[in-house]
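Enquirer: What follows is structure_1.csv; its format and atoms are CSV, C-alpha atoms.
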```csv
chain,number,residue,atom,x,y,z
A,1,MET,CA,36.1,30.6,-45.4
A,2,ARG,CA,38.5,28.8,-43.1
A,3,ARG,CA,40.4,25.8,-44.5
A,4,ASP,CA,40.6,22.4,-42.9
A,5,ASN,CA,44.1,23.0,-41.4
A,6,GLU,CA,42.8,26.1,-39.7
A,7,ARG,CA,39.8,24.2,-38.3
A,8,LEU,CA,42.1,21.5,-37.0
A,9,GLN,CA,44.2,24.1,-35.3
A,10,ASP,CA,41.0,25.6,-33.8
A,11,ILE,CA,40.3,22.1,-32.3
A,12,LEU,CA,43.8,21.9,-30.8
A,13,SER,CA,43.6,25.4,-29.4
A,14,ALA,CA,40.3,24.6,-27.7
A,15,ILE,CA,41.7,21.4,-26.3
A,16,ALA,CA,44.7,23.4,-24.9
A,17,ALA,CA,42.3,25.9,-23.4
A,18,ILE,CA,40.4,23.2,-21.6
A,19,GLU,CA,43.5,21.5,-20.4
A,20,ARG,CA,44.7,24.7,-18.7
A,21,TYR,CA,41.6,24.6,-16.4
A,22,VAL,CA,41.1,20.9,-15.8
A,23,LYS,CA,44.6,20.5,-14.4
A,24,GLN,CA,43.0,21.7,-11.2
A,25,GLU,CA,41.3,19.1,-9.0
A,26,ARG,CA,37.8,17.9,-9.7
A,27,SER,CA,36.5,19.9,-6.7
A,28,ALA,CA,37.5,23.2,-8.5
A,29,PHE,CA,35.4,22.1,-11.5
A,30,ASP,CA,32.5,21.2,-9.4
A,31,GLU,CA,32.6,24.4,-7.3
A,32,GLN,CA,33.4,26.9,-10.0
A,33,GLU,CA,30.6,27.5,-12.5
A,34,LEU,CA,33.0,29.6,-14.6
A,35,ILE,CA,35.3,26.6,-15.2
A,36,GLN,CA,32.2,24.5,-16.2
A,37,VAL,CA,31.2,27.3,-18.6
A,38,TRP,CA,34.7,27.6,-19.9
A,39,VAL,CA,34.9,23.8,-20.7
A,40,ALA,CA,31.4,23.8,-22.3
A,41,TYR,CA,32.3,26.8,-24.5
A,42,HIS,CA,35.5,25.2,-25.7
A,43,LEU,CA,33.8,21.9,-26.3
A,44,GLN,CA,31.2,23.8,-28.4
A,45,MET,CA,34.1,25.3,-30.4
A,46,ILE,CA,35.5,21.9,-31.0
A,47,GLY,CA,32.2,20.7,-32.3
A,48,GLU,CA,31.7,23.8,-34.5
A,49,ALA,CA,35.2,23.4,-36.0
A,50,ALA,CA,34.5,19.6,-36.6
A,51,ASN,CA,31.2,20.5,-38.3
A,52,SER,CA,32.9,22.9,-40.6
A,53,LEU,CA,35.6,20.4,-41.8
A,54,SER,CA,35.3,19.1,-45.3
A,55,ALA,CA,33.4,15.9,-45.8
A,56,ASP,CA,36.5,14.5,-47.5
A,57,LEU,CA,38.7,15.0,-44.5
A,58,LYS,CA,36.1,13.5,-42.2
A,59,THR,CA,35.6,10.5,-44.5
A,60,GLN,CA,39.4,10.0,-44.6
A,61,HIS,CA,39.5,9.8,-40.8
A,62,PRO,CA,36.6,7.6,-39.6
A,63,GLU,CA,38.6,6.8,-36.4
A,64,ILE,CA,37.5,10.2,-35.0
A,65,PRO,CA,33.9,10.2,-33.8
A,66,TRP,CA,32.9,13.3,-35.8
A,67,ILE,CA,29.1,12.7,-35.4
A,68,GLN,CA,29.4,12.5,-31.6
A,69,ILE,CA,31.6,15.6,-31.4
A,70,ILE,CA,29.2,17.6,-33.5
A,71,GLY,CA,26.2,16.1,-31.6
A,72,LEU,CA,27.8,17.4,-28.3
A,73,ARG,CA,28.1,20.8,-29.9
A,74,ASN,CA,24.4,20.7,-30.8
A,75,LEU,CA,23.5,19.7,-27.3
A,76,LEU,CA,25.5,22.4,-25.7
A,77,VAL,CA,24.0,25.1,-28.0
A,78,HIS,CA,20.4,24.0,-28.3
A,79,GLU,CA,19.7,21.9,-25.3
A,80,TYR,CA,22.1,23.4,-22.7
A,81,PHE,CA,19.6,22.8,-19.9
A,82,ARG,CA,20.2,19.0,-20.4
A,83,VAL,CA,24.0,19.3,-20.0
A,84,ASP,CA,25.3,17.3,-17.0
A,85,PRO,CA,28.6,18.7,-15.6
A,86,GLN,CA,29.6,15.1,-14.9
A,87,ILE,CA,29.5,14.3,-18.6
A,88,LEU,CA,31.6,17.4,-19.4
A,89,TRP,CA,34.2,16.3,-16.8
A,90,ASP,CA,34.2,12.8,-18.2
A,91,ILE,CA,34.9,14.1,-21.7
A,92,THR,CA,37.8,16.1,-20.4
A,93,GLN,CA,39.3,13.1,-18.7
A,94,THR,CA,38.8,10.4,-21.3
A,95,ASP,CA,38.1,11.9,-24.7
A,96,LEU,CA,40.1,15.0,-25.2
A,97,ARG,CA,43.6,13.4,-25.1
A,98,PRO,CA,42.8,10.8,-27.8
A,99,LEU,CA,41.2,13.5,-29.9
A,100,LYS,CA,44.3,15.7,-29.6
A,101,ILE,CA,46.6,12.9,-30.6
A,102,ALA,CA,44.4,12.0,-33.6
A,103,ILE,CA,44.2,15.6,-34.8
A,104,GLN,CA,48.0,16.1,-34.4
A,105,ALA,CA,48.5,12.9,-36.4
A,106,ILE,CA,46.3,14.3,-39.2
A,107,GLN,CA,48.3,17.5,-39.3
A,108,GLU,CA,51.6,15.6,-39.4
A,109,LYS,CA,50.8,13.4,-42.3
A,110,PRO,CA,52.4,14.6,-45.6
A,111,GLY,CA,49.8,16.0,-47.9
A,112,ASN,CA,47.2,16.6,-45.3
A,113,PRO,CA,45.7,20.0,-44.5
```
Render the structure in this file as structure tokens.
Expert:
Amino acid sequence: MRRDNERLQDILSAIAAIERYVKQERSAFDEQELIQVWVAYHLQMIGEAANSLSADLKTQHPEIPWIQIIGLRNLLVHEYFRVDPQILWDITQTDLRPLKIAIQAIQEKPGNP
């Protein structure tokens, strides 16, 4: 079983993977289905890692929208036909950087995973 610190690192790795491809212009995202799938897959990984974190860690960090992150994962996996590429793009532009900063802060705190 993976520990919280490993799951947090999984989240950061998935964010880094997404960042590599969204550096391109929006038109590349719109025109290349592979980039959209890449982003969706890594957002799914983030949600899966978040879902597997201990309840204690999630309770200690209510500033992170765990329920929404996990809910997006469920949408991507179970209701993929409802996924709007615009929403995926918006997440990459507004939500990932604050999440990355928050996860890094958790890792940097003494005594945290």
Enquirer: So, with all atoms listed in the file as the atoms that count, which of A:Met1, A:Pro85, A:Gly71, A:Leu99 lies closest to Gln32 in chain A?
Expert: A:Pro85
Enquirer: Go ahead and compute the interatomic distance for CA of Ala40 in chain A and CA of Thr59 in chain A, in Å to one decimal.
Expert: 26.2 Å
Enquirer: CA of Trp89 in chain A and CA of Ile103 in chain A, how far apart in Å?
Expert: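 According to the coordinates, CA of Ile103 in chain A and CA of Trp89 in chain A are separated by 20.6 Å.
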Enquirer: Pick from A:Ile70, A:Ile101, A:Ala55, A:Leu96: nearest to Asp4 in chain A, with only C-alpha atoms counted?
Expert: A:Ala55
Enquirer: Would you mind listing what lies within 7 Å of range 14-19 of chain A as JSON, numbers by chain, with only C-alpha atoms counted and same-chain residues fewer than 4 positions away left out?
Expert: {"A": [10, 23, 39, 42, 45, 46, 96]}
Enquirer: Return the single residue from A:Asp30, A:Glu108, A:Glu6, A:Glu25 that is closest to Gln86 in chain A, with distances computed using all atoms listed in the file.
Expert: A:Asp30
Enquirer: Record the distance separating CA of Ala102 in chain A and CA of Gln36 in chain A, expressed in Å with one decimal.
Expert: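 Separating CA of Ala102 in chain A from CA of Gln36 in chain A is a distance of 24.7 Å.
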Enquirer: Name the residues in contact with Ser52 in chain A at a cut-off of 9 Å, using all atoms listed in the file, excluding same-chain residues fewer than 4 positions from it; report them as an MDAnalysis selection string.
Expert: chainID A and resid 2:4 7 47:48
Enquirer: Can you work out which one of A:Asn5, A:Gln68, A:Asp95, A:Val83 has the shortest atom-to-atom distance to Gly111 in chain A, counting all atoms listed in the file?
Expert: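 Among the listed residues, the smallest separation from Gly111 in chain A belongs to A:Asn5.
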Enquirer: Between A:Trp38, A:Asp84, A:Glu33, A:Lys100, which is the closest to Arg20 in chain A once you count only C-alpha atoms?
Expert: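 That would be A:Trp38, the residue with the smallest distance to Arg20 in chain A.
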Enquirer: Could you tell me which of A:Ile11, A:Ala50, A:Leu43, A:Ile64 comes closest to Leu88 in chain A if we count only C-alpha atoms?
Expert: A:Leu43
Enquirer: Some atoms are missing, so please complete range 14-49 of chain A with N, CA and C atoms and return it as a PDB file, in the frame of the given file.
Expert:
```pdb
ATOM      1  N   ALA A  14      41.344  24.802 -28.721  1.00  0.00           N
ATOM      2  CA  ALA A  14      40.300  24.600 -27.700  1.00  0.00           C
ATOM      3  C   ALA A  14      40.617  23.563 -26.724  1.00  0.00           C
ATOM      4  N   ILE A  15      41.234  22.488 -27.180  1.00  0.00           N
ATOM      5  CA  ILE A  15      41.700  21.400 -26.300  1.00  0.00           C
ATOM      6  C   ILE A  15      42.691  21.994 -25.277  1.00  0.00           C
ATOM      7  N   ALA A  16      43.647  22.773 -25.780  1.00  0.00           N
ATOM      8  CA  ALA A  16      44.700  23.400 -24.900  1.00  0.00           C
ATOM      9  C   ALA A  16      44.026  24.301 -23.875  1.00  0.00           C
ATOM     10  N   ALA A  17      43.018  25.047 -24.285  1.00  0.00           N
ATOM     11  CA  ALA A  17      42.300  25.900 -23.400  1.00  0.00           C
ATOM     12  C   ALA A  17      41.638  25.148 -22.248  1.00  0.00           C
ATOM     13  N   ILE A  18      41.009  24.054 -22.610  1.00  0.00           N
ATOM     14  CA  ILE A  18      40.400  23.200 -21.600  1.00  0.00           C
ATOM     15  C   ILE A  18      41.390  22.598 -20.677  1.00  0.00           C
ATOM     16  N   GLU A  19      42.478  22.114 -21.236  1.00  0.00           N
ATOM     17  CA  GLU A  19      43.500  21.500 -20.400  1.00  0.00           C
ATOM     18  C   GLU A  19      44.071  22.411 -19.358  1.00  0.00           C
ATOM     19  N   ARG A  20      44.143  23.690 -19.663  1.00  0.00           N
ATOM     20  CA  ARG A  20      44.700  24.700 -18.700  1.00  0.00           C
ATOM     21  C   ARG A  20      43.820  24.671 -17.403  1.00  0.00           C
ATOM     22  N   TYR A  21      42.511  24.470 -17.541  1.00  0.00           N
ATOM     23  CA  TYR A  21      41.600  24.600 -16.400  1.00  0.00           C
ATOM     24  C   TYR A  21      41.296  23.260 -15.716  1.00  0.00           C
ATOM     25  N   VAL A  22      41.377  22.169 -16.440  1.00  0.00           N
ATOM     26  CA  VAL A  22      41.100  20.900 -15.800  1.00  0.00           C
ATOM     27  C   VAL A  22      42.267  20.274 -15.122  1.00  0.00           C
ATOM     28  N   LYS A  23      43.390  20.968 -15.171  1.00  0.00           N
ATOM     29  CA  LYS A  23      44.600  20.500 -14.400  1.00  0.00           C
ATOM     30  C   LYS A  23      44.270  20.627 -12.910  1.00  0.00           C
ATOM     31  N   GLN A  24      43.359  21.527 -12.575  1.00  0.00           N
ATOM     32  CA  GLN A  24      43.000  21.700 -11.200  1.00  0.00           C
ATOM     33  C   GLN A  24      42.190  20.419 -10.771  1.00  0.00           C
ATOM     34  N   GLU A  25      42.008  20.275  -9.505  1.00  0.00           N
ATOM     35  CA  GLU A  25      41.300  19.100  -9.000  1.00  0.00           C
ATOM     36  C   GLU A  25      39.806  19.155  -9.425  1.00  0.00           C
ATOM     37  N   ARG A  26      39.188  18.013  -9.362  1.00  0.00           N
ATOM     38  CA  ARG A  26      37.800  17.900  -9.700  1.00  0.00           C
ATOM     39  C   ARG A  26      36.924  18.836  -8.860  1.00  0.00           C
ATOM     40  N   SER A  27      37.308  19.038  -7.622  1.00  0.00           N
ATOM     41  CA  SER A  27      36.500  19.900  -6.700  1.00  0.00           C
ATOM     42  C   SER A  27      36.444  21.332  -7.292  1.00  0.00           C
ATOM     43  N   ALA A  28      37.513  21.810  -7.937  1.00  0.00           N
ATOM     44  CA  ALA A  28      37.500  23.200  -8.500  1.00  0.00           C
ATOM     45  C   ALA A  28      36.457  23.198  -9.657  1.00  0.00           C
ATOM     46  N   PHE A  29      36.421  22.157 -10.455  1.00  0.00           N
ATOM     47  CA  PHE A  29      35.400  22.100 -11.500  1.00  0.00           C
ATOM     48  C   PHE A  29      34.023  22.086 -10.977  1.00  0.00           C
ATOM     49  N   ASP A  30      33.787  21.281  -9.944  1.00  0.00           N
ATOM     50  CA  ASP A  30      32.500  21.200  -9.400  1.00  0.00           C
ATOM     51  C   ASP A  30      32.006  22.476  -8.690  1.00  0.00           C
ATOM     52  N   GLU A  31      32.939  23.177  -8.081  1.00  0.00           N
ATOM     53  CA  GLU A  31      32.600  24.400  -7.300  1.00  0.00           C
ATOM     54  C   GLU A  31      32.590  25.656  -8.087  1.00  0.00           C
ATOM     55  N   GLN A  32      33.242  25.684  -9.239  1.00  0.00           N
ATOM     56  CA  GLN A  32      33.400  26.900 -10.000  1.00  0.00           C
ATOM     57  C   GLN A  32      32.608  26.855 -11.306  1.00  0.00           C
ATOM     58  N   GLU A  33      31.478  27.498 -11.312  1.00  0.00           N
ATOM     59  CA  GLU A  33      30.600  27.500 -12.500  1.00  0.00           C
ATOM     60  C   GLU A  33      31.391  28.074 -13.709  1.00  0.00           C
ATOM     61  N   LEU A  34      32.274  29.035 -13.479  1.00  0.00           N
ATOM     62  CA  LEU A  34      33.000  29.600 -14.600  1.00  0.00           C
ATOM     63  C   LEU A  34      33.897  28.577 -15.290  1.00  0.00           C
ATOM     64  N   ILE A  35      34.458  27.646 -14.553  1.00  0.00           N
ATOM     65  CA  ILE A  35      35.300  26.600 -15.200  1.00  0.00           C
ATOM     66  C   ILE A  35      34.349  25.680 -15.996  1.00  0.00           C
ATOM     67  N   GLN A  36      33.178  25.358 -15.472  1.00  0.00           N
ATOM     68  CA  GLN A  36      32.200  24.500 -16.200  1.00  0.00           C
ATOM     69  C   GLN A  36      31.819  25.215 -17.524  1.00  0.00           C
ATOM     70  N   VAL A  37      31.554  26.503 -17.446  1.00  0.00           N
ATOM     71  CA  VAL A  37      31.200  27.300 -18.600  1.00  0.00           C
ATOM     72  C   VAL A  37      32.327  27.327 -19.620  1.00  0.00           C
ATOM     73  N   TRP A  38      33.533  27.525 -19.111  1.00  0.00           N
ATOM     74  CA  TRP A  38      34.700  27.600 -19.900  1.00  0.00           C
ATOM     75  C   TRP A  38      34.878  26.249 -20.727  1.00  0.00           C
ATOM     76  N   VAL A  39      34.736  25.154 -20.029  1.00  0.00           N
ATOM     77  CA  VAL A  39      34.900  23.800 -20.700  1.00  0.00           C
ATOM     78  C   VAL A  39      33.750  23.659 -21.700  1.00  0.00           C
ATOM     79  N   ALA A  40      32.519  23.975 -21.346  1.00  0.00           N
ATOM     80  CA  ALA A  40      31.400  23.800 -22.300  1.00  0.00           C
ATOM     81  C   ALA A  40      31.607  24.675 -23.523  1.00  0.00           C
ATOM     82  N   TYR A  41      32.065  25.900 -23.339  1.00  0.00           N
ATOM     83  CA  TYR A  41      32.300  26.800 -24.500  1.00  0.00           C
ATOM     84  C   TYR A  41      33.337  26.220 -25.427  1.00  0.00           C
ATOM     85  N   HIS A  42      34.427  25.733 -24.888  1.00  0.00           N
ATOM     86  CA  HIS A  42      35.500  25.200 -25.700  1.00  0.00           C
ATOM     87  C   HIS A  42      35.108  23.861 -26.379  1.00  0.00           C
ATOM     88  N   LEU A  43      34.313  23.068 -25.704  1.00  0.00           N
ATOM     89  CA  LEU A  43      33.800  21.900 -26.300  1.00  0.00           C
ATOM     90  C   LEU A  43      32.859  22.233 -27.491  1.00  0.00           C
ATOM     91  N   GLN A  44      32.114  23.298 -27.303  1.00  0.00           N
ATOM     92  CA  GLN A  44      31.200  23.800 -28.400  1.00  0.00           C
ATOM     93  C   GLN A  44      32.106  24.243 -29.567  1.00  0.00           C
ATOM     94  N   MET A  45      33.218  24.912 -29.295  1.00  0.00           N
ATOM     95  CA  MET A  45      34.100  25.300 -30.400  1.00  0.00           C
ATOM     96  C   MET A  45      34.676  24.135 -31.132  1.00  0.00           C
ATOM     97  N   ILE A  46      35.027  23.092 -30.401  1.00  0.00           N
ATOM     98  CA  ILE A  46      35.500  21.900 -31.000  1.00  0.00           C
ATOM     99  C   ILE A  46      34.481  21.308 -31.979  1.00  0.00           C
ATOM    100  N   GLY A  47      33.249  21.240 -31.510  1.00  0.00           N
ATOM    101  CA  GLY A  47      32.200  20.700 -32.300  1.00  0.00           C
ATOM    102  C   GLY A  47      31.883  21.585 -33.550  1.00  0.00           C
ATOM    103  N   GLU A  48      31.969  22.882 -33.383  1.00  0.00           N
ATOM    104  CA  GLU A  48      31.700  23.800 -34.500  1.00  0.00           C
ATOM    105  C   GLU A  48      32.833  23.636 -35.551  1.00  0.00           C
ATOM    106  N   ALA A  49      34.076  23.542 -35.095  1.00  0.00           N
ATOM    107  CA  ALA A  49      35.200  23.400 -36.000  1.00  0.00           C
ATOM    108  C   ALA A  49      35.052  22.007 -36.750  1.00  0.00           C
TER     109      ALA A  49
END
```
